[in-house]
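Trainee: File my_file-v8.pdb follows (PDB, C-alpha atoms):
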```
MODEL        1
ATOM      1  CA  TRP A   1       0.000   0.000   0.000
ATOM      2  CA  ILE A   2       1.118   3.527  -0.784
ATOM      3  CA  GLU A   3       0.101   5.970   1.952
ATOM      4  CA  LEU A   4      -0.723   9.536   0.931
ATOM      5  CA  ALA A   5      -1.468  12.413   3.306
ATOM      6  CA  PRO A   6      -0.715  16.151   3.437
ATOM      7  CA  GLY A   7       2.980  16.727   4.069
ATOM      8  CA  ASP A   8       4.112  13.284   2.861
ATOM      9  CA  SER A   9       7.113  13.288   0.530
ATOM     10  CA  LEU A  10       5.033  11.649  -2.252
ATOM     11  CA  VAL A  11       2.290  14.289  -2.149
ATOM     12  CA  GLY A  12       2.597  16.973  -4.818
ATOM     13  CA  GLY A  13      -0.438  19.171  -4.337
ATOM     14  CA  ARG A  14      -2.105  21.320  -1.767
ATOM     15  CA  LEU A  15      -5.514  21.333  -0.155
ATOM     16  CA  GLY A  16      -7.353  24.606   0.211
ATOM     17  CA  ASP A  17      -9.861  25.795   2.775
ATOM     18  CA  ASP A  18     -13.240  25.354   1.124
ATOM     19  CA  GLY A  19     -15.186  27.451   3.602
ATOM     20  CA  PRO A  20     -17.572  26.730   6.471
ATOM     21  CA  GLY A  21     -18.553  23.283   5.150
ATOM     22  CA  GLU A  22     -14.955  22.129   5.607
ATOM     23  CA  GLY A  23     -15.105  22.107   9.410
ATOM     24  CA  GLN A  24     -12.946  23.968  11.910
ATOM     25  CA  GLY A  25      -9.279  22.992  11.617
ATOM     26  CA  VAL A  26      -9.885  20.289   8.973
ATOM     27  CA  ALA A  27      -8.652  22.047   5.802
ATOM     28  CA  GLY A  28      -5.293  20.738   4.661
ATOM     29  CA  THR A  29      -5.184  17.881   7.173
ATOM     30  CA  ALA A  30      -5.414  14.113   6.711
ATOM     31  CA  ALA A  31      -9.113  14.379   7.655
ATOM     32  CA  ASP A  32      -9.615  16.645   4.614
ATOM     33  CA  LEU A  33      -7.950  14.158   2.260
ATOM     34  CA  SER A  34      -5.651  11.183   2.723
ATOM     35  CA  GLY A  35      -5.560   7.640   1.487
ATOM     36  CA  ARG A  36      -3.973   4.283   0.930
ATOM     37  CA  LEU A  37      -3.603   2.999  -2.633
ATOM     38  CA  VAL A  38      -2.313  -0.234  -4.132
ATOM     39  CA  LEU A  39      -1.724  -1.606  -7.631
ATOM     40  CA  ALA A  40      -1.694  -5.303  -8.539
ATOM     41  CA  TRP A  41      -1.950  -7.314 -11.754
ATOM     42  CA  ASP A  42      -2.395 -10.685 -13.359
ATOM     43  CA  ASP A  43      -2.332 -11.787 -17.004
ATOM     44  CA  GLN A  44      -5.726 -10.229 -17.768
ATOM     45  CA  TRP A  45      -6.136  -7.195 -15.494
ATOM     46  CA  LEU A  46      -4.405  -4.269 -13.850
ATOM     47  CA  TYR A  47      -6.046  -3.634 -10.463
ATOM     48  CA  LEU A  48      -6.287  -0.428  -8.457
ATOM     49  CA  ALA A  49      -7.634  -0.223  -4.909
ATOM     50  CA  ALA A  50      -7.965   2.903  -2.785
ATOM     51  CA  ARG A  51      -9.161   3.649   0.716
ATOM     52  CA  VAL A  52      -9.714   7.401   0.763
ATOM     53  CA  ARG A  53     -10.451   9.564   3.781
ATOM     54  CA  ASP A  54     -12.387  12.636   2.632
ATOM     55  CA  ASN A  55     -14.489  14.921   4.803
ATOM     56  CA  VAL A  56     -16.720  16.291   1.995
ATOM     57  CA  HIS A  57     -18.077  13.876  -0.606
ATOM     58  CA  ASP A  58     -18.566  15.727  -3.905
ATOM     59  CA  VAL A  59     -19.410  14.091  -7.220
ATOM     60  CA  ASP A  60     -21.637  16.907  -8.492
ATOM     61  CA  SER A  61     -19.147  19.731  -9.177
ATOM     62  CA  GLY A  62     -18.237  20.745 -12.714
ATOM     63  CA  ASP A  63     -19.712  19.599 -15.996
ATOM     64  CA  ARG A  64     -20.266  15.912 -16.741
ATOM     65  CA  ASP A  65     -17.012  15.771 -18.711
ATOM     66  CA  GLN A  66     -14.971  17.394 -15.942
ATOM     67  CA  TRP A  67     -13.924  14.279 -14.014
ATOM     68  CA  PHE A  68     -11.259  16.333 -12.240
ATOM     69  CA  CYS A  69     -14.046  18.349 -10.540
ATOM     70  CA  ARG A  70     -15.342  15.272  -8.724
ATOM     71  CA  ASP A  71     -13.988  13.139  -5.908
ATOM     72  CA  GLY A  72     -12.057  10.249  -7.365
ATOM     73  CA  VAL A  73      -8.808   8.472  -8.114
ATOM     74  CA  ALA A  74      -6.785   8.635 -11.328
ATOM     75  CA  LEU A  75      -4.010   6.311 -12.436
ATOM     76  CA  PHE A  76      -1.618   7.717 -15.045
ATOM     77  CA  LEU A  77       0.576   5.183 -16.868
ATOM     78  CA  ASP A  78       3.626   5.516 -19.091
ATOM     79  CA  VAL A  79       3.619   1.879 -20.213
ATOM     80  CA  PRO A  80       6.712   1.989 -22.478
ATOM     81  CA  ARG A  81       8.478   4.285 -19.973
ATOM     82  CA  ASP A  82       9.893   6.136 -22.935
ATOM     83  CA  GLY A  83      10.522   9.451 -21.214
ATOM     84  CA  ASP A  84       8.368  11.430 -23.650
ATOM     85  CA  GLY A  85       7.338  13.783 -20.836
ATOM     86  CA  PRO A  86       3.943  15.468 -20.570
ATOM     87  CA  ILE A  87       3.078  14.954 -24.246
ATOM     88  CA  TRP A  88       0.374  12.315 -24.757
ATOM     89  CA  PHE A  89       1.692   9.728 -27.162
ATOM     90  CA  VAL A  90       1.464   6.006 -27.855
ATOM     91  CA  GLY A  91       1.653   4.050 -24.596
ATOM     92  CA  ASP A  92       0.459   6.863 -22.330
ATOM     93  CA  HIS A  93      -2.782   6.166 -20.462
ATOM     94  CA  ALA A  94      -4.856   7.630 -17.657
ATOM     95  CA  PHE A  95      -7.772   5.821 -16.098
ATOM     96  CA  VAL A  96      -9.969   7.949 -13.883
ATOM     97  CA  PHE A  97     -12.565   6.605 -11.474
ATOM     98  CA  THR A  98     -14.944   9.036  -9.791
ATOM     99  CA  ALA A  99     -16.380   8.220  -6.381
ATOM    100  CA  ASP A 100     -20.000   8.295  -7.551
ATOM    101  CA  PRO A 101     -21.924   5.496  -5.793
ATOM    102  CA  ALA A 102     -24.452   5.402  -8.666
ATOM    103  CA  LEU A 103     -21.601   4.066 -10.877
ATOM    104  CA  PRO A 104     -22.728   5.862 -14.059
ATOM    105  CA  PRO A 105     -20.672   5.266 -17.221
ATOM    106  CA  ALA A 106     -19.173   8.737 -16.701
ATOM    107  CA  ALA A 107     -17.566   7.470 -13.461
ATOM    108  CA  ARG A 108     -14.935   5.699 -15.622
ATOM    109  CA  TRP A 109     -12.765   7.855 -17.907
ATOM    110  CA  TRP A 110      -9.879   6.939 -20.160
ATOM    111  CA  ARG A 111      -7.312   9.258 -21.646
ATOM    112  CA  HIS A 112      -4.683   7.782 -23.933
ATOM    113  CA  GLY A 113      -2.172   8.808 -26.530
ATOM    114  CA  ASP A 114      -2.069   7.652 -30.123
ATOM    115  CA  GLN A 115      -0.456   8.906 -33.331
ATOM    116  CA  ARG A 116      -2.833  11.904 -33.327
ATOM    117  CA  GLY A 117      -2.047  12.888 -29.726
ATOM    118  CA  ARG A 118      -4.305  12.862 -26.671
ATOM    119  CA  GLN A 119      -7.684  11.121 -26.889
ATOM    120  CA  GLU A 120     -10.226  11.238 -24.060
ATOM    121  CA  GLY A 121     -13.605   9.691 -23.396
ATOM    122  CA  LEU A 122     -15.412   7.054 -21.411
ATOM    123  CA  ALA A 123     -13.367   4.009 -20.438
ATOM    124  CA  PRO A 124     -13.821   0.826 -22.461
ATOM    125  CA  PRO A 125     -16.981  -0.995 -21.281
ATOM    126  CA  GLN A 126     -15.031  -3.938 -19.847
ATOM    127  CA  THR A 127     -13.303  -1.594 -17.346
ATOM    128  CA  GLN A 128     -14.699  -2.436 -13.911
ATOM    129  CA  LEU A 129     -15.409  -0.210 -10.918
ATOM    130  CA  ALA A 130     -16.776  -0.878  -7.438
ATOM    131  CA  LEU A 131     -17.305   1.783  -4.797
ATOM    132  CA  ARG A 132     -18.447   1.865  -1.188
ATOM    133  CA  LEU A 133     -19.161   5.118   0.630
ATOM    134  CA  GLU A 134     -18.102   5.179   4.263
ATOM    135  CA  GLU A 135     -18.635   7.628   7.091
ATOM    136  CA  THR A 136     -15.221   9.235   6.609
ATOM    137  CA  GLY A 137     -14.654   8.689   2.875
ATOM    138  CA  TYR A 138     -14.841   5.840   0.387
ATOM    139  CA  THR A 139     -13.281   2.593  -0.778
ATOM    140  CA  LEU A 140     -12.771   2.184  -4.512
ATOM    141  CA  GLU A 141     -11.684  -0.875  -6.506
ATOM    142  CA  ALA A 142     -11.100  -0.897 -10.255
ATOM    143  CA  ALA A 143      -9.917  -3.381 -12.863
ATOM    144  CA  ILE A 144      -8.399  -2.270 -16.167
ATOM    145  CA  PRO A 145      -8.180  -4.862 -18.949
ATOM    146  CA  MET A 146      -4.626  -5.579 -20.075
ATOM    147  CA  ALA A 147      -5.999  -5.964 -23.605
ATOM    148  CA  VAL A 148      -6.703  -2.197 -23.719
ATOM    149  CA  LEU A 149      -3.121  -1.396 -22.752
ATOM    150  CA  SER A 150      -1.753  -3.783 -25.359
ATOM    151  CA  LEU A 151      -3.884  -2.326 -28.177
ATOM    152  CA  PHE A 152      -2.389   1.121 -27.746
ATOM    153  CA  THR A 153       1.168   0.163 -26.824
ATOM    154  CA  PRO A 154       2.926  -1.607 -29.718
ATOM    155  CA  ALA A 155       5.866  -2.805 -27.582
ATOM    156  CA  PHE A 156       3.542  -4.246 -24.912
ATOM    157  CA  ARG A 157       4.604  -7.521 -23.330
ATOM    158  CA  THR A 158       2.778  -9.662 -20.809
ATOM    159  CA  PRO A 159       2.453  -8.057 -17.419
ATOM    160  CA  PHE A 160       5.613  -6.327 -16.511
ATOM    161  CA  VAL A 161       7.983  -9.326 -16.394
ATOM    162  CA  GLY A 162      11.498  -7.954 -16.066
ATOM    163  CA  ARG A 163      10.489  -4.371 -16.773
ATOM    164  CA  THR A 164       9.206  -1.207 -15.179
ATOM    165  CA  LEU A 165       6.647   1.370 -16.183
ATOM    166  CA  GLY A 166       5.980   4.896 -15.062
ATOM    167  CA  PHE A 167       2.899   5.712 -13.023
ATOM    168  CA  MET A 168       1.335   8.500 -11.030
ATOM    169  CA  LEU A 169      -1.676   8.405  -8.738
ATOM    170  CA  LEU A 170      -3.939  11.421  -8.356
ATOM    171  CA  VAL A 171      -6.720  11.764  -5.795
ATOM    172  CA  THR A 172      -9.108  14.611  -6.591
ATOM    173  CA  ASP A 173     -10.986  16.474  -3.840
ATOM    174  CA  PRO A 174     -13.029  19.468  -5.066
ATOM    175  CA  ASP A 175     -15.262  19.868  -1.949
ATOM    176  CA  GLY A 176     -18.025  21.648  -3.875
ATOM    177  CA  GLY A 177     -18.630  25.296  -4.460
ATOM    178  CA  PRO A 178     -18.730  27.340  -7.661
ATOM    179  CA  ARG A 179     -14.944  27.089  -8.198
ATOM    180  CA  PRO A 180     -13.870  23.620  -7.028
ATOM    181  CA  PHE A 181     -10.261  24.215  -8.151
TER     182      PHE A 181
ENDMDL
END
```
Output the file's structure as C-alpha cells, nothing else.
Mentor:
Amino acid sequence: WIELAPGDSLVGGRLGDDGPGEGQGVAGTAADLSGRLVLAWDDQWLYLAARVRDNVHDVDSGDRDQWFCRDGVALFLDVPRDGDGPIWFVGDHAFVFTADPALPPAARWWRHGDQRGRQEGLAPPQTQLALRLEETGYTLEAAIPMAVLSLFTPAFRTPFVGRTLGFMLLVTDPDGGPRPF
C-alpha cells in the first residue's frame, strides 16, 4: 500500500480551505484528504484499490465531462516508460474513477495517446469499478483490462515481467462550491 497524506514526501499538491462546510481545523489535514492505494496485476487485469479519507463527498461539481471536478482516483501510466514527458503519445494512459456510488458510465474515464495525440472519453466498457461510501470517505476498486493497454502500446509484453513502467496516482478532492479548483 502507498500511503498519501498532506505533508508526505510523495504528495505533490495542496488542499485549500473550502469554507464553512470544511469544518474547523480540517482544511489541509489528513481528515480533509488522505488515502492508501495499491496496484496489482495478473495476465488479464491491472487492479487499483484505494481507501480514501475525505471529509466532503462531492461528485456533483463541474460539468459531466470534468472528471477532475469530482472526488475520485486517477491512475496515469507511461507503459513503455519512454521518457516522452507530458506529451500524450502512444503508450500513455490515464484511467480515472470518480467516487459516484451510482456508478454511471461517466464514473470511468480513459485518456490515452495515439499517433494523433491525446484522446479522451469514457473508459472501455469492460473496465470495472466498485465503490463503497463510508462515514469518513470511500473505498474504490477498479480493474483495467490488459488488452486495452496492449492495443495502444505496440511494444507491450505480458504483465511487466522484467520491466518497469511509469505511473502517477492522483486523488481529486473538489469539496463543492462554484470554483472547485
Trainee: For this structure, which residues satisfy the selection - the PyMOL selection byres ((chain A and resi 114-130) around 6) - when it is evaluated on the file as given? I want them as a compact mmCIF listing (two decimals) with C-alpha atoms, in the frame of the given file.
Mentor:
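Contents of the output file expr07.txt:
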```
# COMPACT_ATOMS: atom_id res chain seq x y z
CA TRP A 88 0.37 12.32 -24.76
CA PHE A 89 1.69 9.73 -27.16
CA VAL A 90 1.46 6.01 -27.86
CA ARG A 108 -14.94 5.70 -15.62
CA TRP A 109 -12.76 7.86 -17.91
CA TRP A 110 -9.88 6.94 -20.16
CA ARG A 111 -7.31 9.26 -21.65
CA HIS A 112 -4.68 7.78 -23.93
CA GLY A 113 -2.17 8.81 -26.53
CA LEU A 131 -17.30 1.78 -4.80
CA LEU A 140 -12.77 2.18 -4.51
CA GLU A 141 -11.68 -0.88 -6.51
CA ALA A 142 -11.10 -0.90 -10.26
CA ALA A 143 -9.92 -3.38 -12.86
CA ILE A 144 -8.40 -2.27 -16.17
```
Trainee: If the PyMOL selection byres ((chain A and resi 48-59) around 7) were run on this exact file, what residues would it hold? Put them as a count of residues only.
Mentor: 29
Trainee: For Thr153 (chain A), which of A:Val79, A:Val11, A:Val73, A:Ala30 is the closest residue, counting only C-alpha atoms?
Mentor: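 Looking only at the distances to Thr153 (chain A), the closest residue turns out to be A:Val79.
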Trainee: As lines of an AutoDock Vina configuration file, please: the centre and edge lengths in Å, to one decimal, of an axis-aligned box enclosing every listed atom of region 90-101 of chain A with 3 Å added on each side.
Mentor:
```
center_x = -10.1
center_y = 6.5
center_z = -16.8
size_x = 29.6
size_y = 11.0
size_z = 28.1
```
Trainee: Could you check which of A:Ala107, A:Ala27, A:Ala147, A:Ala102 is closest to Leu133 (chain A), using all atoms listed in the file?
Mentor: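 Distance minimum relative to Leu133 (chain A) lands on A:Ala102.
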Trainee: With all atoms listed in the file as the basis for distance, which of A:Pro86, A:Pro104, A:Pro145, A:Pro80 is at the shortest distance from Arg163 (chain A)?
Mentor: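 Closest to Arg163 (chain A), using all atoms listed in the file: A:Pro80.
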Trainee: When you count only C-alpha atoms, which of these residues is closest to Pro6 (chain A): A:Gly28, A:Gly85, A:Gly162, A:Gly72?
Mentor: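 When distances to Pro6 (chain A) are compared using only C-alpha atoms, the smallest one comes from A:Gly28.
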Trainee: Which residue is closest to Val148 (chain A)? Choose from A:Gly7, A:Gly166, A:Gly91, A:Pro105 and count only C-alpha atoms.
Mentor: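 Closest to Val148 (chain A) of all the choices is A:Gly91.
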Trainee: Can you measure CA of Leu170 (chain A) to CA of Glu134 (chain A) for me? One decimal in Å is fine.
Mentor: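 Spanning CA of Leu170 (chain A) to CA of Glu134 (chain A) is a straight-line distance of 20.0 Å.
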Trainee: Given the choices A:Gly23, A:Leu165, A:Arg132, A:Asp8, which gets closest to Pro101 (chain A) if the distance is worked out from all atoms listed in the file?
Mentor: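 Of A:Gly23, A:Leu165, A:Arg132, A:Asp8, the one nearest Pro101 (chain A) is A:Arg132, counting all atoms listed in the file.
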Trainee: I'd like the interatomic distance between CA of Trp45 (chain A) and CA of Met146 (chain A), to a tenth of an Å.
Mentor: 5.1 Å
Trainee: By how many Å are CA of Leu75 (chain A) and CA of Phe167 (chain A) apart?
Mentor: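 Answer for the CA of Leu75 (chain A) to CA of Phe167 (chain A) separation: 7.0 Å.
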Trainee: For Ala74 (chain A), work out the shell of residues within 8 Å, counting all atoms listed in the file and skipping chain neighbours fewer than 5 positions away, then give it as a VMD selection string.
Mentor: chain A and resid 94 to 97 169 to 172
Trainee: Keeping only C-alpha atoms, write the selected residues as a PDB file, in the frame of the given file.
Mentor:
```pdb
ATOM      1  CA  ALA A  94      -4.856   7.630 -17.657  1.00  0.00           C
ATOM      2  CA  PHE A  95      -7.772   5.821 -16.098  1.00  0.00           C
ATOM      3  CA  VAL A  96      -9.969   7.949 -13.883  1.00  0.00           C
ATOM      4  CA  PHE A  97     -12.565   6.605 -11.474  1.00  0.00           C
ATOM      5  CA  LEU A 169      -1.676   8.405  -8.738  1.00  0.00           C
ATOM      6  CA  LEU A 170      -3.939  11.421  -8.356  1.00  0.00           C
ATOM      7  CA  VAL A 171      -6.720  11.764  -5.795  1.00  0.00           C
ATOM      8  CA  THR A 172      -9.108  14.611  -6.591  1.00  0.00           C
TER       9      THR A 172
END
```
